[in-house]
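Chemist: My structure is stored as final35.cif, with mmCIF, C-alpha atoms.
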```cif
data_model
#
loop_
_atom_site.group_PDB
_atom_site.id
_atom_site.type_symbol
_atom_site.label_atom_id
_atom_site.label_comp_id
_atom_site.auth_asym_id
_atom_site.auth_seq_id
_atom_site.Cartn_x
_atom_site.Cartn_y
_atom_site.Cartn_z
ATOM 1 C CA ASN F 1 43.464 56.586 38.078
ATOM 2 C CA GLY F 2 40.631 58.727 39.447
ATOM 3 C CA LEU F 3 40.561 61.002 36.393
ATOM 4 C CA ILE F 4 39.919 57.996 34.157
ATOM 5 C CA GLN F 5 37.228 56.642 36.473
ATOM 6 C CA ARG F 6 35.456 60.012 36.441
ATOM 7 C CA GLY F 7 35.666 60.142 32.634
ATOM 8 C CA ARG F 8 37.927 63.182 32.607
ATOM 9 C CA VAL F 9 40.782 61.346 30.874
ATOM 10 C CA PHE F 10 39.770 59.578 27.683
ATOM 11 C CA THR F 11 41.356 58.341 24.481
ATOM 12 C CA VAL F 12 39.913 58.563 21.000
ATOM 13 C CA SER F 13 41.071 57.149 17.712
ATOM 14 C CA VAL F 14 40.855 59.976 15.187
ATOM 15 C CA ARG F 15 40.912 59.494 11.429
ATOM 16 C CA VAL F 16 43.060 62.360 10.198
ATOM 17 C CA PRO F 17 43.433 63.090 6.469
ATOM 18 C CA ASP F 18 47.002 62.256 5.451
ATOM 19 C CA LYS F 19 47.811 65.795 4.307
ATOM 20 C CA PRO F 20 50.160 68.424 5.707
ATOM 21 C CA GLY F 21 48.573 70.530 8.443
ATOM 22 C CA GLN F 22 45.754 68.174 9.425
ATOM 23 C CA LEU F 23 47.330 67.101 12.715
ATOM 24 C CA ALA F 24 47.902 70.788 13.518
ATOM 25 C CA LYS F 25 44.251 71.506 12.676
ATOM 26 C CA MET F 26 43.090 68.779 15.045
ATOM 27 C CA THR F 27 45.276 69.968 17.917
ATOM 28 C CA SER F 28 44.262 73.603 17.303
ATOM 29 C CA ILE F 29 40.594 72.671 17.640
ATOM 30 C CA ALA F 30 41.392 70.857 20.881
ATOM 31 C CA ALA F 31 43.245 73.940 22.159
ATOM 32 C CA GLU F 32 40.352 76.238 21.220
ATOM 33 C CA HIS F 33 38.134 74.100 23.443
ATOM 34 C CA LYS F 34 40.675 74.065 26.273
ATOM 35 C CA ALA F 35 41.356 70.332 26.002
ATOM 36 C CA ASN F 36 44.577 69.151 27.581
ATOM 37 C CA ILE F 37 46.368 66.671 25.309
ATOM 38 C CA ILE F 38 48.183 64.088 27.417
ATOM 39 C CA ARG F 39 49.378 61.771 24.668
ATOM 40 C CA ILE F 40 49.368 61.440 20.872
ATOM 41 C CA ASP F 41 50.140 58.195 19.042
ATOM 42 C CA HIS F 42 50.714 58.965 15.368
ATOM 43 C CA ASN F 43 52.115 56.286 13.101
ATOM 44 C CA ARG F 44 51.520 56.792 9.388
ATOM 45 C CA TRP F 45 52.554 53.211 8.601
ATOM 46 C CA VAL F 46 49.758 51.537 10.597
ATOM 47 C CA SER F 47 46.773 52.726 8.533
ATOM 48 C CA THR F 48 45.374 50.374 5.918
ATOM 49 C CA ASN F 49 44.552 53.196 3.496
ATOM 50 C CA ARG F 50 47.080 55.976 3.993
ATOM 51 C CA ALA F 51 45.960 57.675 0.778
ATOM 52 C CA GLN F 52 42.809 58.771 2.605
ATOM 53 C CA ALA F 53 43.611 59.058 6.306
ATOM 54 C CA VAL F 54 45.729 57.836 9.188
ATOM 55 C CA GLU F 55 44.586 56.747 12.631
ATOM 56 C CA VAL F 56 45.840 58.941 15.449
ATOM 57 C CA GLY F 57 45.304 57.955 19.077
ATOM 58 C CA VAL F 58 44.808 61.017 21.266
ATOM 59 C CA THR F 59 44.438 61.002 25.034
ATOM 60 C CA PHE F 60 42.713 64.085 26.393
ATOM 61 C CA GLU F 61 41.995 65.482 29.830
ATOM 62 C CA SER F 62 38.689 67.322 30.164
ATOM 63 C CA PHE F 63 37.067 69.278 32.983
ATOM 64 C CA ASP F 64 34.015 66.999 33.175
ATOM 65 C CA ALA F 65 31.642 64.896 31.055
ATOM 66 C CA GLU F 66 30.092 67.956 29.399
ATOM 67 C CA HIS F 67 33.523 69.293 28.412
ATOM 68 C CA LYS F 68 34.409 65.861 26.994
ATOM 69 C CA LYS F 69 31.285 65.997 24.776
ATOM 70 C CA GLU F 70 32.205 69.537 23.697
ATOM 71 C CA ILE F 71 35.686 68.420 22.622
ATOM 72 C CA MET F 72 34.411 65.380 20.736
ATOM 73 C CA ASN F 73 31.620 67.365 19.043
ATOM 74 C CA ALA F 74 34.033 70.103 17.948
ATOM 75 C CA LEU F 75 36.343 67.560 16.316
ATOM 76 C CA THR F 76 33.425 65.778 14.654
ATOM 77 C CA ASP F 77 31.972 69.081 13.426
ATOM 78 C CA ALA F 78 35.366 69.858 11.868
ATOM 79 C CA GLY F 79 35.133 66.660 9.826
ATOM 80 C CA PHE F 80 37.238 64.283 11.915
ATOM 81 C CA SER F 81 35.919 60.766 12.463
ATOM 82 C CA LEU F 82 36.244 59.682 16.109
ATOM 83 C CA ASN F 83 36.018 56.412 17.961
ATOM 84 C CA GLU F 84 36.407 56.411 21.733
ATOM 85 C CA ILE F 85 38.759 53.684 22.966
ATOM 86 C CA GLY F 86 40.010 52.792 26.442
ATOM 87 C CA ALA F 87 42.055 55.538 28.092
ATOM 88 C CA ARG F 88 45.812 55.228 27.481
ATOM 89 C CA LEU F 89 48.270 56.944 29.759
#
```
Since I need it in another form, could you write the structure as structure tokens?

Modeler:
Amino acid sequence: NGLIQRGRVFTVSVRVPDKPGQLAKMTSIAAEHKANIIRIDHNRWVSTNRAQAVEVGVTFESFDAEHKKEIMNALTDAGFSLNEIGARL
């Protein structure tokens, strides 16, 4: 996929606090930064320590590399821990 090769489509693993509203907070931040969410993989039963956080895989589409950095920085600044993983469509 050309969008993946150009770095416009990327997937991150996000540690989201296991509390009501945190997934909404994360997606709201993405929306504020005009990120297009292509896919979300959320499974509360996979995390090793659900009392603290769950791992959520999110595939985004960005405008370019600078926009990708903006999205990732905004989520990090909001307190979410991110780890970029291979793009998942």

Chemist: Could you check which of F:Val14, F:Ala30, F:Val9, F:Leu75 is closest to Glu55 of chain F, using only C-alpha atoms?

Modeler: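 Under the stated criterion, the closest residue is F:Val14.
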
Chemist: Could you tell me, as a VMD selection string, exactly which residues end up selected when the PyMOL selection byres ((chain F and resi 79) around 12) is applied to this structure?

Modeler: chain F and resid 14 to 17 22 25 to 26 29 53 72 to 78 80 to 82

Chemist: Write out as a compact mmCIF listing (two decimals) with C-alpha atoms, in the coordinates of the input the residues lying within 10 Å of segment 32-41 of chain F, counting all atoms listed in the file and excluding same-chain residues fewer than 2 positions away.

Modeler:
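Contents of selection15.txt, as written:
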```
# COMPACT_ATOMS: atom_id res chain seq x y z
CA VAL F 9 40.78 61.35 30.87
CA PHE F 10 39.77 59.58 27.68
CA THR F 11 41.36 58.34 24.48
CA VAL F 12 39.91 58.56 21.00
CA SER F 13 41.07 57.15 17.71
CA THR F 27 45.28 69.97 17.92
CA SER F 28 44.26 73.60 17.30
CA ILE F 29 40.59 72.67 17.64
CA ALA F 30 41.39 70.86 20.88
CA ASN F 43 52.12 56.29 13.10
CA ARG F 44 51.52 56.79 9.39
CA GLU F 55 44.59 56.75 12.63
CA VAL F 56 45.84 58.94 15.45
CA GLY F 57 45.30 57.96 19.08
CA VAL F 58 44.81 61.02 21.27
CA THR F 59 44.44 61.00 25.03
CA PHE F 60 42.71 64.08 26.39
CA GLU F 61 42.00 65.48 29.83
CA SER F 62 38.69 67.32 30.16
CA PHE F 63 37.07 69.28 32.98
CA HIS F 67 33.52 69.29 28.41
CA LYS F 68 34.41 65.86 26.99
CA GLU F 70 32.20 69.54 23.70
CA ILE F 71 35.69 68.42 22.62
CA MET F 72 34.41 65.38 20.74
CA ALA F 74 34.03 70.10 17.95
CA LEU F 75 36.34 67.56 16.32
CA ARG F 88 45.81 55.23 27.48
CA LEU F 89 48.27 56.94 29.76
```

Chemist: Tell me, in Å to one decimal, how far atom CA of Gly86 of chain F is from atom CA of Lys69 of chain F.

Modeler: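 Interatomic distance here is 15.9 Å.
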
Chemist: Using all atoms listed in the file, find the one residue out of F:Ala87, F:Leu23, F:Asp18, F:Asp64 that sits nearest to Gln52 of chain F.

Modeler: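 For Gln52 of chain F, the nearest of the candidates is F:Asp18.
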